[in-house]
$ cat query21.txt   # compact mmCIF, C-alpha atoms and all ligand atoms
# COMPACT_ATOMS: atom_id res chain seq x y z
CA MET A 198 -15.56 7.50 -21.35
CA LEU A 199 -17.50 9.65 -23.79
CA GLY A 200 -19.65 12.31 -22.16
CA LYS A 201 -21.28 15.65 -22.71
CA VAL A 202 -19.35 18.04 -24.96
CA THR A 203 -17.99 20.99 -22.96
CA THR A 204 -15.70 22.37 -25.71
CA THR A 205 -16.18 25.87 -27.07
CA ILE A 206 -14.24 27.45 -29.93
CA ASP A 207 -13.78 31.18 -30.36
CA ARG A 208 -14.50 31.66 -34.07
CA ILE A 209 -12.81 35.05 -34.12
CA LEU A 210 -9.53 33.72 -32.74
CA CYS A 211 -9.60 30.53 -34.87
CA THR A 212 -7.34 30.78 -37.93
CA GLY A 213 -8.46 27.43 -39.35
CA CYS A 214 -5.17 25.57 -39.02
CA GLY A 215 -7.07 22.31 -38.37
CA LEU A 216 -4.76 21.05 -35.62
CA CYS A 217 -7.53 20.61 -33.04
CA VAL A 218 -9.56 18.51 -35.48
CA GLN A 219 -6.48 16.43 -36.28
CA VAL A 220 -5.75 15.50 -32.64
CA CYS A 221 -9.31 15.03 -31.38
CA PRO A 222 -9.57 11.28 -30.58
CA ALA A 223 -13.38 11.31 -30.44
CA LYS A 224 -13.98 13.19 -33.72
CA THR A 225 -15.95 15.79 -31.79
CA LEU A 226 -14.61 18.64 -33.93
CA SER A 227 -14.69 19.28 -37.68
CA MET A 228 -13.65 22.02 -40.05
CA ARG A 229 -16.58 24.01 -41.48
CA ASN A 230 -16.13 27.00 -43.76
CA GLY A 231 -12.46 27.29 -42.84
CA LYS A 232 -13.02 27.27 -39.07
CA ALA A 233 -13.07 24.58 -36.41
CA GLU A 234 -16.50 23.73 -35.05
CA VAL A 235 -17.98 21.39 -32.46
CA THR A 236 -20.00 18.95 -34.57
CA GLY A 237 -20.10 15.81 -32.42
CA ASP A 238 -22.41 15.30 -29.49
CA ARG A 239 -19.99 13.27 -27.34
CA SER A 240 -16.53 14.10 -26.06
CA LEU A 241 -13.70 12.55 -24.06
CA ASN A 242 -13.05 16.00 -22.58
CA CYS A 243 -9.34 15.19 -22.78
CA GLY A 244 -8.27 18.72 -23.71
CA HIS A 245 -5.99 17.80 -26.63
CA CYS A 246 -7.74 20.50 -28.69
CA GLN A 247 -7.23 23.12 -25.99
CA ALA A 248 -3.57 22.15 -25.56
CA ILE A 249 -2.69 22.25 -29.27
CA CYS A 250 -4.43 25.41 -30.46
CA PRO A 251 -1.76 28.02 -31.33
CA GLU A 252 -4.30 30.83 -30.91
CA GLY A 253 -5.76 29.83 -27.54
CA ALA A 254 -9.16 29.64 -29.22
CA VAL A 255 -10.36 26.43 -27.56
CA ASN A 256 -11.73 25.91 -24.09
CA VAL A 257 -12.85 22.62 -22.52
CA ASP A 258 -15.02 23.48 -19.56
CA ALA A 259 -14.89 20.00 -17.99
CA ILE A 260 -11.19 20.52 -17.25
CA ASP A 261 -10.89 21.80 -13.71
CA GLU A 262 -8.18 24.47 -13.55
CA THR A 263 -7.70 23.98 -9.81
CA MET A 264 -6.38 20.47 -10.47
CA SER A 265 -3.29 22.08 -12.05
CA GLN A 266 -2.69 24.42 -9.11
CA PHE A 267 -0.26 23.14 -6.53
CA ILE A 268 0.60 24.48 -3.08
CA ASN A 269 4.25 23.52 -2.74
CA PHE A 270 5.51 24.36 -6.23
CA GLU A 271 4.59 26.24 -9.36
CA PRO A 272 4.39 23.92 -12.39
CA ASP A 273 5.57 25.17 -15.76
CA LYS A 274 2.39 25.05 -17.84
CA ASN A 275 4.31 25.17 -21.12
CA TRP A 276 4.14 21.81 -22.83
CA LEU A 277 7.49 20.01 -22.68
CA ARG A 278 8.58 19.27 -26.24
CA TYR A 279 9.35 15.67 -27.26
CA GLY A 280 12.96 14.91 -26.36
CA ASP A 281 13.32 18.08 -24.28
CA PHE A 282 13.93 16.41 -20.93
CA ASP A 283 16.99 14.94 -19.27
CA THR A 284 16.32 11.21 -19.56
CA ALA A 285 19.31 10.42 -17.36
CA GLN A 286 17.78 12.43 -14.50
CA LEU A 287 14.35 10.88 -15.08
CA VAL A 288 15.83 7.38 -14.86
CA ARG A 289 17.80 8.45 -11.78
CA LEU A 290 14.55 9.49 -10.08
CA MET A 291 12.86 6.21 -11.05
CA ALA A 292 15.78 4.08 -9.87
CA SER A 293 16.22 6.10 -6.66
CA ARG A 294 12.65 5.50 -5.52
CA ARG A 295 12.87 2.63 -3.07
CA SER A 296 10.27 1.21 -0.73
CA CYS A 297 10.72 2.90 2.62
CA ARG A 298 10.20 0.61 5.60
CA ASN A 299 11.38 2.93 8.36
CA PHE A 300 9.54 6.19 8.67
CA LEU A 301 10.43 8.97 11.10
CA PRO A 302 7.62 9.93 13.48
CA LYS A 303 7.35 13.33 11.75
CA PRO A 304 3.96 14.37 10.37
CA VAL A 305 3.54 15.10 6.66
CA ASP A 306 2.03 18.47 5.85
CA ARG A 307 -1.47 18.09 4.46
CA SER A 308 -0.60 20.37 1.53
CA ILE A 309 2.00 17.83 0.31
CA LEU A 310 -0.59 15.06 0.36
CA ASP A 311 -3.05 17.25 -1.55
CA ASP A 312 -0.36 18.05 -4.14
CA LEU A 313 0.50 14.35 -4.48
CA VAL A 314 -3.12 13.51 -5.27
CA LYS A 315 -3.19 16.13 -8.03
CA ILE A 316 0.08 14.73 -9.39
CA GLY A 317 -1.56 11.28 -9.40
CA CYS A 318 -4.34 12.72 -11.54
CA THR A 319 -1.93 13.67 -14.35
CA ALA A 320 -1.68 9.95 -15.25
CA PRO A 321 -3.38 8.54 -18.34
CA SER A 322 -6.70 6.77 -17.80
CA GLY A 323 -8.74 4.39 -19.96
CA THR A 324 -11.09 6.48 -22.15
CA ASN A 325 -9.96 9.45 -20.05
CA CYS A 326 -12.62 8.60 -17.48
CA GLN A 327 -10.41 9.65 -14.52
CA LEU A 328 -12.67 7.79 -12.12
CA TRP A 329 -9.83 7.06 -9.71
CA THR A 330 -10.40 8.00 -6.09
CA PHE A 331 -7.94 9.03 -3.39
CA THR A 332 -8.56 8.62 0.29
CA ILE A 333 -6.01 10.59 2.26
CA LEU A 334 -5.08 9.27 5.69
CA PRO A 335 -3.30 12.42 6.88
CA THR A 336 -2.23 11.38 10.36
CA ARG A 337 -0.71 8.41 12.13
CA GLU A 338 -4.06 7.98 13.93
CA ALA A 339 -5.90 7.69 10.61
CA VAL A 340 -3.33 5.18 9.31
CA MET A 341 -3.69 3.13 12.47
CA ALA A 342 -7.51 3.22 12.27
CA LEU A 343 -7.15 1.32 8.99
CA GLY A 344 -4.41 -0.80 10.56
CA LYS A 345 -6.80 -1.89 13.32
CA GLY A 346 -9.28 -3.30 10.79
CA ILE A 347 -6.49 -4.99 8.81
CA ARG A 348 -5.13 -6.51 12.03
CA SER A 349 -8.54 -8.07 12.85
CA PHE A 350 -8.69 -9.49 9.31
CA TYR A 351 -5.31 -11.22 9.68
CA VAL A 352 -6.08 -12.48 13.20
CA LYS A 353 -9.15 -14.25 11.78
CA LEU A 354 -7.32 -15.45 8.67
CA ASN A 355 -4.44 -16.89 10.70
CA ALA A 356 -6.90 -18.68 13.01
CA MET A 357 -8.49 -20.28 9.93
CA ALA A 358 -5.11 -21.14 8.41
CA GLU A 359 -4.06 -22.94 11.60
CA ASN A 360 -6.87 -25.43 11.01
CA ARG A 361 -5.12 -28.23 9.10
CA LEU A 362 -8.36 -30.06 8.27
CA LEU A 363 -9.92 -26.90 6.86
CA ARG A 364 -6.85 -26.28 4.67
CA LEU A 365 -6.95 -29.86 3.42
CA PHE A 366 -10.70 -29.81 2.77
CA LEU A 367 -10.50 -26.53 0.81
CA LYS A 368 -7.58 -27.87 -1.20
CA LEU A 369 -9.54 -31.03 -2.05
CA ILE A 370 -12.47 -29.00 -3.36
CA GLY A 371 -10.14 -26.98 -5.59
CA LYS A 372 -9.54 -23.98 -3.31
CA PRO A 373 -5.84 -24.16 -2.40
CA GLU A 374 -5.54 -20.44 -1.44
CA LEU A 375 -5.70 -20.97 2.34
CA ASP A 376 -3.03 -23.67 2.15
CA THR A 377 -0.80 -21.43 0.00
CA TYR A 378 -1.32 -18.60 2.47
CA TYR A 379 -0.36 -20.91 5.32
CA ARG A 380 2.87 -21.94 3.64
CA GLU A 381 3.91 -18.51 2.35
CA TYR A 382 2.56 -15.86 4.70
CA TYR A 383 1.11 -17.34 7.90
CA GLU A 384 4.36 -17.33 9.89
CA SER A 385 5.47 -13.79 9.01
CA VAL A 386 1.96 -12.44 9.66
CA ARG A 387 1.86 -14.27 13.02
CA GLU A 388 5.22 -12.71 13.89
CA GLY A 389 4.08 -9.26 12.74
CA LEU A 390 0.91 -9.45 14.82
CA ALA A 391 2.85 -10.58 17.90
CA LYS A 392 5.42 -7.77 17.50
CA PHE A 393 2.64 -5.22 17.25
CA ASP A 394 0.82 -6.58 20.29
CA ARG A 395 4.02 -6.86 22.36
CA SER A 396 5.86 -3.67 21.46
CA SER A 397 3.69 -1.69 19.01
CA ILE A 398 6.18 -2.36 16.18
CA ASP A 399 4.21 -1.67 13.02
CA ARG A 400 5.28 -4.20 10.38
CA LEU A 401 2.27 -3.35 8.21
CA PHE A 402 2.70 0.39 7.57
CA HIS A 403 6.29 0.60 8.85
CA GLY A 404 5.34 3.46 11.18
CA ALA A 405 4.10 5.70 8.36
CA PRO A 406 2.58 8.96 9.57
CA ALA A 407 0.34 9.24 6.48
CA ALA A 408 -1.03 7.23 3.58
CA ILE A 409 -3.00 7.61 0.40
CA VAL A 410 -5.43 4.85 -0.55
CA VAL A 411 -5.91 4.79 -4.31
CA GLY A 412 -9.08 3.24 -5.66
CA CYS A 413 -11.34 3.61 -8.62
CA LYS A 414 -15.06 3.63 -9.33
CA THR A 415 -16.01 0.13 -10.49
CA LYS A 416 -17.79 1.56 -13.54
CA ALA A 417 -14.48 2.94 -14.92
CA THR A 418 -13.30 1.45 -18.21
CA LEU A 419 -10.04 0.05 -16.81
CA PRO A 420 -10.18 0.75 -13.05
CA LYS A 421 -7.15 -1.23 -11.94
CA GLU A 422 -4.84 0.14 -14.61
CA ASP A 423 -5.93 3.73 -13.93
CA ALA A 424 -5.37 3.43 -10.17
CA LEU A 425 -1.94 1.83 -10.64
CA LEU A 426 -0.77 4.48 -13.09
CA ALA A 427 -1.86 7.27 -10.73
CA SER A 428 -0.09 5.45 -7.91
CA GLN A 429 3.22 5.29 -9.77
CA ASN A 430 3.03 9.06 -10.36
CA ILE A 431 2.54 9.55 -6.63
CA LEU A 432 5.49 7.30 -5.74
CA LEU A 433 7.88 9.18 -8.02
CA ALA A 434 6.65 12.62 -6.97
CA ALA A 435 6.82 11.68 -3.29
CA HIS A 436 10.55 10.97 -3.70
CA SER A 437 11.09 14.30 -5.45
CA MET A 438 9.32 16.06 -2.55
CA GLY A 439 11.54 14.46 0.10
CA LEU A 440 9.17 11.70 1.15
CA GLY A 441 9.68 7.97 1.34
CA SER A 442 6.86 5.73 0.17
CA CYS A 443 5.88 2.09 0.28
CA LEU A 444 3.07 0.24 -1.46
CA ILE A 445 1.26 -1.85 1.14
CA GLY A 446 -0.25 -4.81 -0.69
CA MET A 447 -0.80 -6.48 2.68
CA ALA A 448 -3.45 -3.81 3.34
CA VAL A 449 -5.05 -4.01 -0.09
CA GLU A 450 -5.81 -7.73 -0.05
CA PRO A 451 -7.96 -7.58 3.13
CA MET A 452 -9.95 -4.65 1.69
CA LYS A 453 -10.57 -6.62 -1.51
CA ARG A 454 -11.80 -9.63 0.45
CA ASP A 455 -13.84 -7.83 3.11
CA ALA A 456 -15.82 -4.87 1.73
CA ARG A 457 -16.58 -3.67 5.27
CA LEU A 458 -12.93 -2.71 5.74
CA GLN A 459 -12.90 -0.02 3.06
CA LYS A 460 -16.05 1.43 4.60
CA THR A 461 -14.17 2.02 7.87
CA ILE A 462 -12.15 4.72 6.06
CA GLY A 463 -15.15 6.13 4.20
CA ILE A 464 -14.79 4.36 0.84
CA PRO A 465 -18.23 3.51 -0.61
CA ASP A 466 -19.31 0.22 -2.24
CA ASP A 467 -19.09 1.51 -5.81
CA GLU A 468 -15.30 1.84 -5.48
CA LYS A 469 -12.54 -0.73 -5.29
CA VAL A 470 -9.17 -0.20 -3.65
CA TYR A 471 -6.03 -0.99 -5.68
CA THR A 472 -3.14 0.51 -3.71
CA VAL A 473 -2.36 1.76 -0.24
CA ILE A 474 0.67 4.06 -0.34
CA ALA A 475 2.40 4.57 3.00
CA LEU A 476 4.12 7.96 3.11
CA GLY A 477 6.47 9.79 5.45
CA TYR A 478 9.97 11.08 6.01
CA PRO A 479 12.49 8.25 5.62
CA ALA A 480 14.78 7.24 8.46
CA GLU A 481 17.58 6.16 6.08
CA ASN A 482 19.27 7.53 2.99
CA TYR A 483 20.84 5.33 0.33
CA GLN A 484 24.26 5.74 -1.27
CA ARG A 485 23.53 4.44 -4.72
CA THR A 486 20.88 2.92 -6.96
CA ALA A 487 20.83 -0.88 -7.09
CA GLY A 488 19.41 -1.81 -10.50
CA SER A 489 16.93 -4.53 -11.38
CA LYS A 490 16.82 -8.28 -11.88
CA LYS A 491 16.98 -9.63 -15.39
CA SER A 492 13.55 -9.58 -16.99
CA VAL A 493 12.13 -11.53 -19.90
CA VAL A 494 12.44 -9.29 -22.92
CA ARG A 495 11.66 -10.64 -26.35
CA SER A 496 11.21 -9.21 -29.74
CA PHE A 497 9.01 -10.57 -32.42
CA GLU A 498 9.36 -9.96 -36.10
CA PRO A 499 7.28 -11.72 -38.72
CA TRP A 500 9.18 -13.53 -41.43
C1 LIG B 601 1.81 -4.48 -5.64
C2 LIG B 601 2.87 -4.31 -4.57
C3 LIG B 601 2.57 -4.61 -3.25
C4 LIG B 601 3.52 -4.42 -2.26
N1 LIG B 601 3.21 -4.68 -0.95
C5 LIG B 601 4.12 -4.46 0.03
C6 LIG B 601 3.79 -4.65 1.42
O1 LIG B 601 2.67 -5.04 1.78
N2 LIG B 601 4.73 -4.38 2.37
C7 LIG B 601 5.98 -3.92 2.01
O2 LIG B 601 6.81 -3.70 2.92
N3 LIG B 601 6.34 -3.76 0.70
C8 LIG B 601 5.44 -3.99 -0.28
N4 LIG B 601 5.76 -3.77 -1.60
C9 LIG B 601 7.12 -3.29 -1.93
C10 LIG B 601 7.95 -4.35 -2.67
O3 LIG B 601 8.40 -5.33 -1.78
C11 LIG B 601 9.11 -3.59 -3.33
O4 LIG B 601 8.59 -2.73 -4.32
C12 LIG B 601 10.13 -4.52 -3.97
O5 LIG B 601 10.76 -5.31 -3.01
C13 LIG B 601 11.20 -3.71 -4.74
O6 LIG B 601 11.85 -2.80 -3.88
P1 LIG B 601 11.81 -1.23 -4.16
O7 LIG B 601 10.37 -0.79 -4.12
O8 LIG B 601 12.60 -0.64 -3.05
O9 LIG B 601 12.41 -0.98 -5.51
C14 LIG B 601 4.82 -3.95 -2.60
C15 LIG B 601 5.10 -3.65 -3.94
C16 LIG B 601 4.14 -3.82 -4.92
C17 LIG B 601 4.47 -3.45 -6.35
S1 LIG B 602 -6.36 24.58 -33.39
FE1 LIG B 602 -7.22 26.58 -32.86
S2 LIG B 602 -6.77 27.84 -34.66
FE2 LIG B 602 -6.46 25.73 -35.30
S3 LIG B 602 -8.46 25.13 -36.17
FE3 LIG B 602 -8.51 24.53 -34.00
S4 LIG B 602 -9.45 26.28 -32.96
FE4 LIG B 602 -8.81 27.02 -34.99

$ encode --input "query21.txt" --output "structure tokens"
Amino acid sequence: MLGKVTTTIDRILCTGCGLCVQVCPAKTLSMRNGKAEVTGDRSLNCGHCQAICPEGAVNVDAIDETMSQFINFEPDKNWLRYGDFDTAQLVRLMASRRSCRNFLPKPVDRSILDDLVKIGCTAPSGTNCQLWTFTILPTREAVMALGKGIRSFYVKLNAMAENRLLRLFLKLIGKPELDTYYREYYESVREGLAKFDRSSIDRLFHGAPAAIVVGCKTKATLPKEDALLASQNILLAAHSMGLGSCLIGMAVEPMKRDARLQKTIGIPDDEKVYTVIALGYPAENYQRTAGSKKSVVRSFEPW
């Protein structure tokens, strides 16, 4: 999203190498009289110019330094060169992340949740708008406050789905969703609700002591994609920090369908929720990675 230019260039430090002009995606900078200058009136404020300048002559004020400061670790601010990382270890991290469905009743330190949000924000975003939003549910009580609203949603939905005539009528007028829900989810949701009511077994959040709800402002260029990319960063980092995680789609759907639900955890109308990430210390450890199913992979080459 193009916005106000906040880039400044120190003319004394600038040696005129032209790199910042070369990498600027918005053509905000140009070379004038052998020096780089801000000539455009709009900027993505992406910081490519600041990151590439060998002389440290460029500053982008819109970039918030505190977003790169973490509490639980010190990141290396030197740019990692292409090819300079152990791919085998990266793949090991990716393949070792599994959905955790048994969390220990041990709280997660707030500082870890705050760090995870900042890690989420290192993801790419459409036109660099970074309009994703993170709602931290830092305690089991906060997670369950959302759970209460979700529970009411499913109680009502299951009551509707039990009505055979309603399912049939909706199907006849081209709305088969309730019938599909009845066939695919009704029974397991009914069981989950009963287990929770009978013995407080939490089949929705799996007993998670914390969660991060990732949304995005609706005016973002590609809100869903941005929120999902930030979420994947959080999932991988959570594993590296000793936490288990699980995406809870069963909590996202009700928030999409009933706007009042997101309000119960303070999310305003101009945002949409895309993921709920349950977080906590895992009750089990795995022995090995399991691999993936076969996917459709094709290549296309013109004649
Ligand atoms: C969009 C999405 C929604 C999901 N929703 C749920 C959910 O509501 N409850 C749950 O236990 N797991 C949920 N999962 C976890 C998937 O079941 C899990 O990722 C999949 O079985 C693969 O296992 P893995 O994550 O351990 O690799 C969801 C995953 C995705 C990507
Ligand atoms: S990258 Fe730095 S030194 Fe090179 S032209 Fe831009 S401001 Fe000047």

$ residues_near_ligand --input "query21.txt" --ligand "ligand LIG 601 (chain B)" --cutoff "7 Å" --atoms "all atoms listed in the file" --output "PyMOL selection string"
chain A and resi 294-298+401+443-448

$ closest_residue --input "query21.txt" --among "A:Leu334, A:Val314, A:Leu375, A:Ile462" --to "Leu354 (chain A)" --atoms "all atoms listed in the file"
A:Leu375

$ closest_residue --input "query21.txt" --among "A:Asp455, A:Ile249, A:Leu199, A:Ala223" --to "ligand LIG 602 (chain B)" --atoms "only C-alpha atoms and all ligand atoms"
A:Ile249

$ axis_aligned_box --input "query21.txt" --around "ligand LIG 602 (chain B)" --padding-each-side "3 Å" --output "lines of an AutoDock Vina configuration file"
center_x = -7.9
center_y = 26.2
center_z = -34.5
size_x = 9.1
size_y = 9.3
size_z = 9.3

$ closest_residue --input "query21.txt" --among "A:Ala358, A:Ala405, A:Met452, A:Val411" --to "Pro479 (chain A)" --atoms "only C-alpha atoms"
A:Ala405

$ build_atoms --input "query21.txt" --residues "region 463-489 of chain A" --atoms "N, CA and C atoms" --output "PDB file, in the coordinates of the input"
ATOM      1  N   GLY A 463     -14.244   5.272   4.977  1.00  0.00           N
ATOM      2  CA  GLY A 463     -15.150   6.130   4.200  1.00  0.00           C
ATOM      3  C   GLY A 463     -15.226   5.845   2.719  1.00  0.00           C
ATOM      4  N   ILE A 464     -14.747   4.668   2.281  1.00  0.00           N
ATOM      5  CA  ILE A 464     -14.790   4.360   0.840  1.00  0.00           C
ATOM      6  C   ILE A 464     -16.083   3.592   0.535  1.00  0.00           C
ATOM      7  N   PRO A 465     -16.929   4.145  -0.343  1.00  0.00           N
ATOM      8  CA  PRO A 465     -18.230   3.510  -0.610  1.00  0.00           C
ATOM      9  C   PRO A 465     -18.120   2.240  -1.471  1.00  0.00           C
ATOM     10  N   ASP A 466     -19.257   1.524  -1.551  1.00  0.00           N
ATOM     11  CA  ASP A 466     -19.310   0.220  -2.240  1.00  0.00           C
ATOM     12  C   ASP A 466     -19.028   0.275  -3.740  1.00  0.00           C
ATOM     13  N   ASP A 467     -19.276   1.447  -4.352  1.00  0.00           N
ATOM     14  CA  ASP A 467     -19.090   1.510  -5.810  1.00  0.00           C
ATOM     15  C   ASP A 467     -17.636   1.818  -6.187  1.00  0.00           C
ATOM     16  N   GLU A 468     -16.735   1.666  -5.214  1.00  0.00           N
ATOM     17  CA  GLU A 468     -15.300   1.840  -5.480  1.00  0.00           C
ATOM     18  C   GLU A 468     -14.558   0.590  -5.044  1.00  0.00           C
ATOM     19  N   LYS A 469     -13.418   0.358  -5.695  1.00  0.00           N
ATOM     20  CA  LYS A 469     -12.540  -0.730  -5.290  1.00  0.00           C
ATOM     21  C   LYS A 469     -11.162  -0.153  -5.011  1.00  0.00           C
ATOM     22  N   VAL A 470     -10.501  -0.690  -4.010  1.00  0.00           N
ATOM     23  CA  VAL A 470      -9.170  -0.200  -3.650  1.00  0.00           C
ATOM     24  C   VAL A 470      -8.108  -0.997  -4.409  1.00  0.00           C
ATOM     25  N   TYR A 471      -7.107  -0.299  -4.958  1.00  0.00           N
ATOM     26  CA  TYR A 471      -6.030  -0.990  -5.680  1.00  0.00           C
ATOM     27  C   TYR A 471      -4.656  -0.803  -5.039  1.00  0.00           C
ATOM     28  N   THR A 472      -4.424   0.357  -4.410  1.00  0.00           N
ATOM     29  CA  THR A 472      -3.140   0.510  -3.710  1.00  0.00           C
ATOM     30  C   THR A 472      -3.337   1.277  -2.408  1.00  0.00           C
ATOM     31  N   VAL A 473      -2.484   0.936  -1.454  1.00  0.00           N
ATOM     32  CA  VAL A 473      -2.360   1.760  -0.240  1.00  0.00           C
ATOM     33  C   VAL A 473      -0.900   2.212  -0.255  1.00  0.00           C
ATOM     34  N   ILE A 474      -0.698   3.524  -0.272  1.00  0.00           N
ATOM     35  CA  ILE A 474       0.670   4.060  -0.340  1.00  0.00           C
ATOM     36  C   ILE A 474       1.023   4.676   1.014  1.00  0.00           C
ATOM     37  N   ALA A 475       1.930   4.013   1.734  1.00  0.00           N
ATOM     38  CA  ALA A 475       2.400   4.570   3.000  1.00  0.00           C
ATOM     39  C   ALA A 475       3.388   5.681   2.681  1.00  0.00           C
ATOM     40  N   LEU A 476       3.288   6.791   3.400  1.00  0.00           N
ATOM     41  CA  LEU A 476       4.120   7.960   3.110  1.00  0.00           C
ATOM     42  C   LEU A 476       4.686   8.563   4.387  1.00  0.00           C
ATOM     43  N   GLY A 477       5.881   9.116   4.285  1.00  0.00           N
ATOM     44  CA  GLY A 477       6.470   9.790   5.450  1.00  0.00           C
ATOM     45  C   GLY A 477       7.919  10.112   5.182  1.00  0.00           C
ATOM     46  N   TYR A 478       8.554  10.741   6.161  1.00  0.00           N
ATOM     47  CA  TYR A 478       9.970  11.080   6.010  1.00  0.00           C
ATOM     48  C   TYR A 478      10.809   9.847   6.334  1.00  0.00           C
ATOM     49  N   PRO A 479      11.723   9.490   5.436  1.00  0.00           N
ATOM     50  CA  PRO A 479      12.490   8.250   5.620  1.00  0.00           C
ATOM     51  C   PRO A 479      13.551   8.356   6.701  1.00  0.00           C
ATOM     52  N   ALA A 480      13.763   7.264   7.407  1.00  0.00           N
ATOM     53  CA  ALA A 480      14.780   7.240   8.460  1.00  0.00           C
ATOM     54  C   ALA A 480      16.178   6.993   7.887  1.00  0.00           C
ATOM     55  N   GLU A 481      16.253   6.439   6.657  1.00  0.00           N
ATOM     56  CA  GLU A 481      17.580   6.160   6.080  1.00  0.00           C
ATOM     57  C   GLU A 481      17.710   6.823   4.710  1.00  0.00           C
ATOM     58  N   ASN A 482      18.965   7.085   4.350  1.00  0.00           N
ATOM     59  CA  ASN A 482      19.270   7.530   2.990  1.00  0.00           C
ATOM     60  C   ASN A 482      20.171   6.486   2.343  1.00  0.00           C
ATOM     61  N   TYR A 483      20.017   6.309   1.045  1.00  0.00           N
ATOM     62  CA  TYR A 483      20.840   5.330   0.330  1.00  0.00           C
ATOM     63  C   TYR A 483      22.061   6.013  -0.289  1.00  0.00           C
ATOM     64  N   GLN A 484      23.035   5.208  -0.653  1.00  0.00           N
ATOM     65  CA  GLN A 484      24.260   5.740  -1.270  1.00  0.00           C
ATOM     66  C   GLN A 484      24.193   5.674  -2.796  1.00  0.00           C
ATOM     67  N   ARG A 485      23.487   4.672  -3.276  1.00  0.00           N
ATOM     68  CA  ARG A 485      23.530   4.440  -4.720  1.00  0.00           C
ATOM     69  C   ARG A 485      22.249   3.707  -5.156  1.00  0.00           C
ATOM     70  N   THR A 486      22.014   3.684  -6.449  1.00  0.00           N
ATOM     71  CA  THR A 486      20.880   2.920  -6.960  1.00  0.00           C
ATOM     72  C   THR A 486      21.358   1.465  -7.138  1.00  0.00           C
ATOM     73  N   ALA A 487      20.407   0.531  -7.106  1.00  0.00           N
ATOM     74  CA  ALA A 487      20.830  -0.880  -7.090  1.00  0.00           C
ATOM     75  C   ALA A 487      20.572  -1.620  -8.396  1.00  0.00           C
ATOM     76  N   GLY A 488      19.709  -1.100  -9.241  1.00  0.00           N
ATOM     77  CA  GLY A 488      19.410  -1.810 -10.500  1.00  0.00           C
ATOM     78  C   GLY A 488      18.327  -2.862 -10.309  1.00  0.00           C
ATOM     79  N   SER A 489      18.046  -3.573 -11.394  1.00  0.00           N
ATOM     80  CA  SER A 489      16.930  -4.530 -11.380  1.00  0.00           C
ATOM     81  C   SER A 489      17.409  -5.935 -11.734  1.00  0.00           C
TER      82      SER A 489
END
